[in-house]
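Have a look at the structure below before the remarks.
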Amino acid sequence: MAQPITSAADQSTPAPAGFRVWHLWLISVLVGVAIVNIQDQRRSEPLLIGLAVGGFVVYALLGWCGWRIARRFRGRLAPVPLLVIYLVAMSALFLAATVAYLFIEYAYLYGL
């Protein structure tokens with residue numbers, strides 16, 4: 001008897017972690033948001049713009065890693081409390097990063 005042919009799409013194993021096209025699109029959108037956000041504040045220093053753009057990219061990567069970690073707890077927590085914990089953690093991280101950026105910006109512009 002011949003074995004049925006299965007394609008890669010039929011397998012139930014998860015795909016290995018890797019960048020897909022939409023990941024790259026999302027990163028470019030976040031970089032664009034960072035650049036517009038900095039330009040709204042009338043900043044033209046390349047160091048500060050680079051720091052802000054890099055911060056947004058790192059924040060996106062941490063969000064992706066955090067969600068992958070949070071998904072491991074799906075069996076132990078209901079979806080809504082898990083999502084609330086994730087969003088609160090990401091908000092606290094964003095607040096801490098914003099305060100750190102403002103401190104670095106102040107030190108760069110006015111010295112310490």
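Residue numbering restarts at 1 in every chain; chains get A, B, ... in the order shown in the structure tokens, and ligands count up from 1 in that same order.
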
Could you pull out all residues of chain A with a DSSP call of helix (DSSP H, G or I) and give them as an NGL selection string?
:A and (8-10 or 21-40 or 46-71 or 79-110)

For Ala89 in chain A, find every residue with an atom within 12 Å (counting only C-alpha atoms), except residues of its own chain fewer than 4 positions away, and show them as a ChimeraX atom specification.
/A:59,62-63,66-67,70,82-85,93-96

Export, as a PDB file, in the first residue's frame, the selected residues with C-alpha atoms.
```
ATOM      1  CA  TYR A  59      10.386  47.460  21.964  1.00  0.00           C
ATOM      2  CA  LEU A  62      10.562  42.564  23.174  1.00  0.00           C
ATOM      3  CA  GLY A  63       6.819  42.619  22.524  1.00  0.00           C
ATOM      4  CA  GLY A  66       6.981  38.623  25.461  1.00  0.00           C
ATOM      5  CA  TRP A  67       3.974  37.357  23.534  1.00  0.00           C
ATOM      6  CA  ALA A  70       2.954  34.627  27.429  1.00  0.00           C
ATOM      7  CA  LEU A  82      -3.253  36.659  30.171  1.00  0.00           C
ATOM      8  CA  LEU A  83      -3.787  39.465  27.661  1.00  0.00           C
ATOM      9  CA  VAL A  84      -4.274  42.005  30.473  1.00  0.00           C
ATOM     10  CA  ILE A  85      -1.027  40.909  32.170  1.00  0.00           C
ATOM     11  CA  LEU A  93       8.096  48.711  29.779  1.00  0.00           C
ATOM     12  CA  PHE A  94       7.115  51.521  27.399  1.00  0.00           C
ATOM     13  CA  LEU A  95       6.776  53.974  30.293  1.00  0.00           C
ATOM     14  CA  ALA A  96      10.208  52.996  31.657  1.00  0.00           C
TER      15      ALA A  96
END
```

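If you count only C-alpha atoms and ignore residues fewer than 5 places along the chain from range 23-39 of chain A, what sits within 12 Å of it is Ala17, Gly18, Ser44, Glu45, Pro46, Leu47, Leu48, Ile49, Gly50, Leu51, Ala52, Val53, Gly54, Gly55, Phe56, Val57, Val58, Tyr59, Ala60, Leu61, Gly63, Trp64, Tyr101, Leu102 and Glu105 of chain A.
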
The distance between CA of Leu77 in chain A and CA of Trp22 in chain A is 28.3 Å

Tell me, in Å to one decimal, how far CA of Met90 in chain A is from CA of Leu112 in chain A.
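Atom-to-atom, CA of Met90 in chain A to CA of Leu112 in chain A, that is 29.4 Å.
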
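Reported to one decimal place, the separation of CA of Gln41 in chain A from CA of Gly111 in chain A is 19.2 Å.
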